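Novice: One structure is given below, represented as structure tokens, and several questions about it will come after.
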Amino acid sequence: MLIRSNSSFWSALAAPAAALGLIVACAPAEAPEAAAEEVAEQSGPAREYYEIRRYRLSDENSRQTVLAYLENVLVPALNRAGIDRVGVFGVEPPSEEEALDPVDAMSVWAIIAFSSVDDFTGMKSALEADAEYLEAAAPMYATPRREPIYERVESWLLRAFKGMPTMELPPQTAAGEDRIFELRLYESHNEDTARRKVHMFDYGEIDIMRDVDMAPLLYGELLIGANVPALVYILSAPDMESHREHWTAFLEHPEWVRMRDMEMYRGTVSGIESVFLRPTAFSQI
């Protein structure tokens with residue numbers, strides 16, 4: 001379960017999404033436009049896949065063990081397998097006034113970017129064939145059943161949106177500068193409303209977020225995970241204050257004001273959850 005934001009600022013964003021009446025992909029009368037969208041997708045970059053993991057940990061010793069495993073064992077092995085964007089994060093409170101739940105404070109998050117679904121499905125076999133990985137991981141695998149390193153690893157698999165088919169790293173990542181990320185999960189009450197909300201992002205909302213410097217990292221349709229049907233997107237900023245300023249600019253953007261009450265997108269979101277992530281020193285995102 002993600003961390004649900006309770007502040008008035010963020011809860012204001014949970015109003016039913018509404019938007020721009022451009023193309024109704026599910027309506028028979030719009031079939032030519034839907035076909036044009038498909039042609040446009042095939043001519044652009046291939047859509048990536050993302051795995052988002054949450055390691056649930058019971059204490060600080062377990063947390064440090066998992067962080068050491070990720071830094072020194074798993075991330076290098078994934079890099080050797082050609083997977084070169086692996087982010088590792090701790091949870092950040094939304095504000096100085098809001099304390100994290102102890103379980104959330106112990107959690108470690110990871111984001112792994114795959115160029116194709118074959119890279120995702122082949123990851124386990126690649127690790128099992130990597131002798132260096134197996135040797136380095138042996139101490140963690142040798143922990144007794146009554147003393148597990150982690151309670152569980154929760155996992156979500158996503159496919160990138162057409163409107164942003166590949167991950168876009170913020171400039172702070174390459175520069176090694178401070179940065180924060182907000183991961184937002186939008187649940188829908190059925191597959192049709194989920195599809196329409198994705199369409200809203202693809203045909204307007206992503207552009208608005210870029211226009212107000214929200215620096216999106218990724219947008220993905222949730223294929224596998226406890227919250228289906230849903231989508232996930234992740235925004236970045238150098239600090240929390242800048243991030244809040246970007247949200248204010250988004251909510252006041254004239255195109256968003258125009259989009260939000262469009263009938264096609266009315267009632268497409270049934271729930272919003274949010275978690276703020278702070279990258280570790282070895283995170284590649």
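Scheme for the structure tokens: letters A, B, ... for chains in order shown; per-chain residue numbers from 1; ligand numbers from 1 in order shown.
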Using only C-alpha atoms, which residues sit within 8 Å of stretch 46-50 of chain A once same-chain residues fewer than 6 positions away are excluded, as a list in words?
Specialist: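 Contacts, with the query itself left out: Ile111, Ile112, Ala113, Phe114, Ser115, Ser116, Val117, Phe120, Leu157, Leu158, Arg159, Ala160, Phe161, Lys162, Met164, Pro165, Thr166, Met167 and Gly220 of chain A.
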Novice: Write down as an NGL selection string the residues of stretch 84-176 of chain A whose backbone DSSP state falls under alpha helix (DSSP H).
Specialist: :A and (102-106 or 117-121 or 123-128 or 131-141 or 171-175)
Novice: Pick the closest to A:Ser283 from A:Glu182, A:Glu177, A:Glu187, A:Glu135: which is it, counting only C-alpha atoms?
Specialist: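 Counting only C-alpha atoms, the residue closest to A:Ser283 is A:Glu177.
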Novice: Between A:Val228, A:Met262, A:Ala142, A:Ala174, which residue has the minimum interatomic distance to A:Arg85, considering only C-alpha atoms?
Specialist: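 The shortest atom-to-atom distance to A:Arg85 comes from A:Ala174.
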Novice: Rank nothing, just name the residue among A:Ser125, A:Ser155, A:Asn190, A:Ser107 nearest to A:Phe276, using only C-alpha atoms.
Specialist: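 Residue with the minimum atom-to-atom distance to A:Phe276: A:Ser107.
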Novice: With distances taken over only C-alpha atoms, which residue among A:Leu70, A:Lys124, A:Asp211, A:Met200 lies nearest A:Glu252?
Specialist: A:Asp211
Novice: Tell me, counting only C-alpha atoms, for each residue of stretch 130-199 of chain A within 8 Å of stretch 268-271 of chain A, which pair of atoms is nearest and how far apart they are in Å to one decimal, in rows ordered by chain and increasing number, as JSON lines.
Specialist:
{"residue": "A:Tyr186", "atom": "CA", "partner": "A:Gly271", "partner_atom": "CA", "distance": 5.9}
{"residue": "A:Glu187", "atom": "CA", "partner": "A:Gly271", "partner_atom": "CA", "distance": 5.0}
{"residue": "A:Ser188", "atom": "CA", "partner": "A:Val269", "partner_atom": "CA", "distance": 4.8}
{"residue": "A:His189", "atom": "CA", "partner": "A:Ser270", "partner_atom": "CA", "distance": 5.9}
{"residue": "A:Thr193", "atom": "CA", "partner": "A:Thr268", "partner_atom": "CA", "distance": 4.6}
{"residue": "A:Ala194", "atom": "CA", "partner": "A:Thr268", "partner_atom": "CA", "distance": 6.3}
{"residue": "A:Arg196", "atom": "CA", "partner": "A:Thr268", "partner_atom": "CA", "distance": 6.8}
{"residue": "A:Lys197", "atom": "CA", "partner": "A:Thr268", "partner_atom": "CA", "distance": 5.8}
